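Source file: entry.csv (CSV, C-alpha atoms and all ligand atoms)
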chain,number,residue,atom,x,y,z
A,256,MET,CA,0.0,0.0,0.0
A,257,THR,CA,1.0,3.6,-0.5
A,258,ASP,CA,1.4,5.8,2.5
A,259,LEU,CA,-1.9,7.5,1.6
A,260,ALA,CA,-3.6,4.2,1.4
A,261,GLY,CA,-2.3,3.0,4.7
A,262,ASP,CA,-3.1,6.2,6.5
A,263,VAL,CA,-6.6,6.4,5.1
A,264,VAL,CA,-7.6,2.9,6.0
A,265,ARG,CA,-6.1,3.1,9.4
A,266,LEU,CA,-7.3,6.5,10.3
A,267,GLY,CA,-10.8,6.0,8.8
A,268,LEU,CA,-11.3,2.7,10.4
A,269,LEU,CA,-10.0,3.9,13.8
A,270,LEU,CA,-12.3,6.9,13.8
A,271,THR,CA,-15.2,4.8,12.7
A,272,LEU,CA,-14.7,2.3,15.4
A,273,LEU,CA,-14.0,4.8,18.1
A,274,ALA,CA,-16.6,7.4,17.4
A,275,PHE,CA,-19.4,5.4,16.0
A,276,GLY,CA,-18.9,1.9,17.4
A,277,LEU,CA,-22.5,1.1,18.2
A,278,TRP,CA,-23.7,-2.3,19.1
A,279,ILE,CA,-24.9,-2.8,15.5
A,280,GLY,CA,-21.5,-1.7,14.3
A,281,GLY,CA,-19.8,-4.4,16.2
A,282,ALA,CA,-22.3,-6.9,15.0
A,283,SER,CA,-22.2,-6.2,11.4
A,284,VAL,CA,-18.7,-5.2,10.3
A,285,ALA,CA,-18.0,-3.5,7.1
A,286,ALA,CA,-14.9,-4.6,5.3
A,287,TRP,CA,-12.3,-2.1,4.3
A,288,VAL,CA,-10.5,-3.4,1.3
A,289,GLY,CA,-7.9,-1.1,-0.1
A,290,TRP,CA,-7.5,-1.4,-3.8
A,291,GLU,CA,-4.7,0.2,-5.6
A,292,LYS,CA,-4.7,0.7,-9.3
A,293,GLY,CA,-2.8,-2.0,-11.1
A,294,ARG,CA,-3.0,-4.5,-8.3
A,295,ASP,CA,-6.0,-6.4,-9.5
A,296,PRO,CA,-7.1,-6.7,-13.1
A,297,ILE,CA,-10.8,-6.7,-12.2
A,298,ALA,CA,-12.7,-4.5,-14.6
A,299,TRP,CA,-13.4,-1.6,-12.3
A,300,PHE,CA,-13.3,0.8,-15.1
A,301,VAL,CA,-15.6,3.1,-13.2
A,302,VAL,CA,-13.0,3.4,-10.6
A,303,ALA,CA,-10.2,4.3,-13.0
A,304,PHE,CA,-12.5,7.0,-14.3
A,305,PHE,CA,-12.4,8.8,-11.0
A,306,LEU,CA,-8.6,8.4,-10.8
A,307,SER,CA,-8.7,8.2,-7.0
A,308,PRO,CA,-5.6,6.7,-5.4
A,309,LEU,CA,-7.6,4.4,-3.1
A,310,VAL,CA,-10.9,2.7,-3.1
A,311,ALA,CA,-12.6,1.2,-0.1
A,312,LEU,CA,-15.2,-1.5,-0.7
A,313,ILE,CA,-18.0,-1.4,1.9
A,314,ALA,CA,-19.3,-4.9,2.5
A,315,HIS,CA,-21.2,-6.8,5.1
A,316,ASP,CA,-20.7,-10.1,6.8
A,317,LEU,CA,-23.7,-12.4,6.6
A,318,ARG,CA,-22.4,-14.3,9.6
A,319,PHE,CA,-22.0,-11.3,11.8
A,320,TRP,CA,-24.0,-13.0,14.4
A,321,GLU,CA,-21.0,-15.3,15.2
A,322,ASN,CA,-19.4,-12.3,16.9
A,323,LEU,CA,-22.4,-11.5,19.1
A,324,PRO,CA,-21.4,-13.6,22.1
A,325,ARG,CA,-18.3,-11.4,22.6
A,326,MET,CA,-19.9,-8.2,21.2
A,327,PHE,CA,-23.3,-8.0,23.0
A,328,HIS,CA,-24.3,-8.4,26.6
A,329,ASN,CA,-27.2,-10.7,26.1
A,330,PRO,CA,-26.0,-14.3,25.2
A,331,GLU,CA,-29.4,-14.9,23.6
A,332,ALA,CA,-28.6,-12.4,20.8
A,333,ILE,CA,-27.0,-15.0,18.6
A,334,ASN,CA,-30.3,-16.7,18.3
A,335,TRP,CA,-32.0,-13.6,16.9
A,336,PHE,CA,-29.9,-13.9,13.7
A,337,ARG,CA,-28.5,-17.4,13.4
A,338,ASP,CA,-30.2,-19.2,10.5
A,339,LYS,CA,-32.8,-16.4,10.2
A,340,GLY,CA,-32.5,-15.9,6.4
A,341,ALA,CA,-33.8,-12.6,5.1
A,342,HIS,CA,-34.0,-11.1,8.5
A,343,THR,CA,-30.3,-11.6,9.0
A,344,GLU,CA,-29.4,-10.4,5.5
A,345,ILE,CA,-31.4,-7.2,5.8
A,346,THR,CA,-29.9,-6.6,9.2
A,347,ALA,CA,-26.3,-7.1,7.9
A,348,PHE,CA,-27.1,-4.8,4.9
A,349,ARG,CA,-28.5,-2.1,7.1
A,350,ASN,CA,-25.7,-2.1,9.6
A,351,GLY,CA,-23.0,-2.4,7.0
A,352,THR,CA,-24.5,0.6,5.2
A,353,LEU,CA,-24.5,2.6,8.4
A,354,GLN,CA,-20.8,1.7,9.0
A,355,GLY,CA,-20.1,2.8,5.4
A,356,ALA,CA,-21.8,6.2,6.1
A,357,TYR,CA,-19.8,6.6,9.3
A,358,TYR,CA,-16.7,5.9,7.3
A,359,LEU,CA,-17.5,8.6,4.8
A,360,LEU,CA,-17.9,11.1,7.7
A,361,ALA,CA,-14.7,9.9,9.3
A,362,LEU,CA,-12.8,10.4,6.0
A,363,ARG,CA,-14.1,13.9,5.6
A,364,ALA,CA,-13.5,14.7,9.2
A,365,VAL,CA,-9.8,14.1,8.7
A,366,GLY,CA,-9.7,16.3,5.6
A,367,LEU,CA,-9.9,13.7,2.9
A,368,ASP,CA,-12.2,13.9,-0.1
A,369,CYS,CA,-14.4,10.9,-0.9
A,370,GLY,CA,-17.1,10.0,-3.3
A,371,ALA,CA,-19.4,7.0,-2.8
A,372,MET,CA,-20.4,4.9,-5.8
A,373,SER,CA,-22.9,2.2,-6.4
A,374,GLY,CA,-24.1,1.1,-9.8
A,375,PHE,CA,-21.4,-1.5,-10.4
A,376,ASP,CA,-21.9,-5.2,-10.8
A,377,ASN,CA,-21.9,-6.4,-7.2
A,378,ALA,CA,-22.0,-10.0,-8.2
A,379,LYS,CA,-18.8,-9.7,-10.1
A,380,VAL,CA,-17.1,-7.8,-7.3
A,381,ASP,CA,-18.2,-10.4,-4.8
A,382,ALA,CA,-17.0,-13.2,-7.0
A,383,ALA,CA,-13.6,-11.6,-7.2
A,384,PHE,CA,-13.1,-10.5,-3.6
A,385,PHE,CA,-15.5,-12.7,-1.5
A,386,PRO,CA,-15.7,-16.0,-3.4
A,387,ASP,CA,-16.9,-17.9,-0.4
A,388,GLY,CA,-20.2,-15.9,-0.4
A,389,ARG,CA,-20.0,-14.9,3.3
A,390,TRP,CA,-19.4,-11.2,2.6
A,391,LYS,CA,-21.5,-9.1,0.3
A,392,SER,CA,-20.4,-5.9,-1.3
A,393,ASN,CA,-22.6,-2.8,-0.9
A,394,PHE,CA,-20.9,0.3,-2.3
A,395,LEU,CA,-17.4,1.6,-2.9
A,396,VAL,CA,-15.7,4.8,-1.8
A,397,ASN,CA,-13.2,6.7,-4.0
A,398,ILE,CA,-10.8,8.4,-1.6
A,399,GLY,CA,-8.1,11.0,-2.2
A,400,TYR,CA,-7.5,14.7,-2.3
A,401,GLY,CA,-9.7,16.3,-4.9
A,402,SER,CA,-8.2,18.8,-7.3
A,403,GLY,CA,-11.5,20.6,-7.6
A,404,LYS,CA,-10.9,20.9,-11.3
A,405,GLY,CA,-13.7,20.0,-13.7
A,406,MET,CA,-16.1,19.6,-10.9
A,407,ALA,CA,-19.8,20.3,-11.3
A,408,PRO,CA,-21.3,22.5,-8.5
A,409,ARG,CA,-22.5,20.6,-5.6
A,410,ASN,CA,-26.1,19.4,-6.1
A,411,PRO,CA,-28.9,21.0,-4.2
A,412,ARG,CA,-30.5,19.4,-1.2
A,413,LEU,CA,-34.2,19.1,-0.4
A,414,SER,CA,-35.5,21.5,2.2
A,415,PHE,CA,-36.6,20.4,5.6
A,416,GLU,CA,-40.2,20.7,4.6
A,417,GLU,CA,-39.7,18.5,1.6
A,418,SER,CA,-37.7,15.8,3.2
A,419,CYS,CA,-39.2,15.5,6.7
A,420,ARG,CA,-42.6,14.7,8.2
A,421,ILE,CA,-43.6,15.7,11.7
A,422,LEU,CA,-45.6,12.7,12.8
A,501,LIG,C1,-24.0,4.9,-1.3
A,501,LIG,C2,-23.8,6.0,-2.4
A,501,LIG,C3,-23.7,5.6,-3.7
A,501,LIG,C4,-23.5,6.5,-4.7
A,501,LIG,N1,-23.4,6.1,-6.0
A,501,LIG,C5,-23.2,7.0,-6.9
A,501,LIG,C6,-23.0,6.6,-8.3
A,501,LIG,O1,-23.0,5.4,-8.6
A,501,LIG,N2,-22.8,7.6,-9.2
A,501,LIG,C7,-22.8,8.9,-8.9
A,501,LIG,O2,-22.6,9.7,-9.8
A,501,LIG,N3,-22.9,9.3,-7.6
A,501,LIG,C8,-23.1,8.4,-6.6
A,501,LIG,N4,-23.3,8.8,-5.4
A,501,LIG,C9,-23.3,10.3,-5.1
A,501,LIG,C10,-21.9,10.8,-5.0
A,501,LIG,O3,-21.0,10.1,-4.2
A,501,LIG,C11,-22.0,12.2,-4.4
A,501,LIG,O4,-22.7,13.0,-5.3
A,501,LIG,C12,-20.6,12.8,-4.3
A,501,LIG,O5,-20.1,12.3,-3.1
A,501,LIG,C13,-20.7,14.4,-4.2
A,501,LIG,O6,-20.5,14.8,-2.9
A,501,LIG,P1,-21.6,15.4,-2.0
A,501,LIG,O7,-22.4,14.3,-1.6
A,501,LIG,O8,-20.8,16.0,-0.9
A,501,LIG,O9,-22.3,16.4,-2.8
A,501,LIG,C14,-23.5,7.9,-4.3
A,501,LIG,C15,-23.6,8.3,-3.0
A,501,LIG,C16,-23.8,7.4,-2.0
A,501,LIG,C17,-23.9,7.8,-0.6
Starting from the file, lay out its structure as structure tokens.
Amino acid sequence: MTDLAGDVVRLGLLLTLLAFGLWIGGASVAAWVGWEKGRDPIAWFVVAFFLSPLVALIAHDLRFWENLPRMFHNPEAINWFRDKGAHTEITAFRNGTLQGAYYLLALRAVGLDCGAMSGFDNAKVDAAFFPDGRWKSNFLVNIGYGSGKGMAPRNPRLSFEESCRIL
């Protein structure tokens, strides 16, 4: 890994775990897979397009419940998710997504630029990086220091009234 790659992964992961290490975070861990250009021939052409020096692949562990006996105070918790099919899958996906969001915040908090991306072929990525099927990719994060050149203006955000409902 380059210095940047090592720093980013270590710093981002550390901040994520320290600042946002909720129970769910411990239960469903996102994978931080540093990928440097040229290291793997997988056709991540979309990544090359962004020319970022490092890519983190956010993924979730479908067997996260195996960690629960040492991550949660209630020894029964493992039974809430072991062999529970879709319930376990959606829980892993939800919690891995949250971990990925925290990771984005952590990266930006330490001054790095990052852009999340979906829209790639998850099945191909999973076959390349997680062939045993236990981990599932969610989205990737292009990381670096943006030049700011050729950038479109930041897109608008919905107002509070448009995006929130007082129930
Ligand atoms: C999970 C996730 C996936 C995204 N996937 C894409 C994508 O595939 N293509 C794209 O143009 N933008 C995608 N975006 C949006 C860009 O990452 C976003 O516009 C960019 O980070 C700009 O920064 P901003 O959010 O600070 O405005 C995605 C965002 C998130 C959170």
May I have the residues within 12 Å of ligand LIG 501 (chain A), computed using only C-alpha atoms and all ligand atoms, as a ChimeraX atom specification? /A:301-302,304-305,312-314,348-349,351-360,362-363,367-377,392-398,401,403,406-412
Sel. within 9 Å of pt (-23.4, -11.9, -2.2), counting all atoms listed in the file, output as a list of chain:residue names: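 Looking at atoms near the point gives A:Leu317, A:Asn377, A:Ala378, A:Asp381, A:Ala382, A:Phe385, A:Pro386, A:Gly388, A:Arg389, A:Trp390, A:Lys391, A:Ser392.
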What is the atom CA of A:Asn350-atom CA of A:Glu417 distance in Å, reported with one decimal?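 Spanning atom CA of A:Asn350 to atom CA of A:Glu417 is a straight-line distance of 26.2 Å.
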To one decimal place, how far is atom CA of A:Leu309 from atom CA of A:Ala364 in Å?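 So the answer is 17.1 Å.
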Figure out the distance between atom CA of A:Tyr400 and atom CA of A:Ala311, please, to one decimal in Å. 14.6 Å
With all atoms listed in the file as the counted atoms, please give the residues lying no more than 10 Å from A:Pro324, apart from itself and same-chain residues fewer than 5 positions off, as a PyMOL selection string. chain A and resi 282+329-333
Can you tell me which residues surround A:Asp338 at a distance of at most 12 Å, considering all atoms listed in the file, apart from same-chain residues fewer than 2 positions away, and format the answer as a ChimeraX atom specification? /A:317-321,333-336,340-344
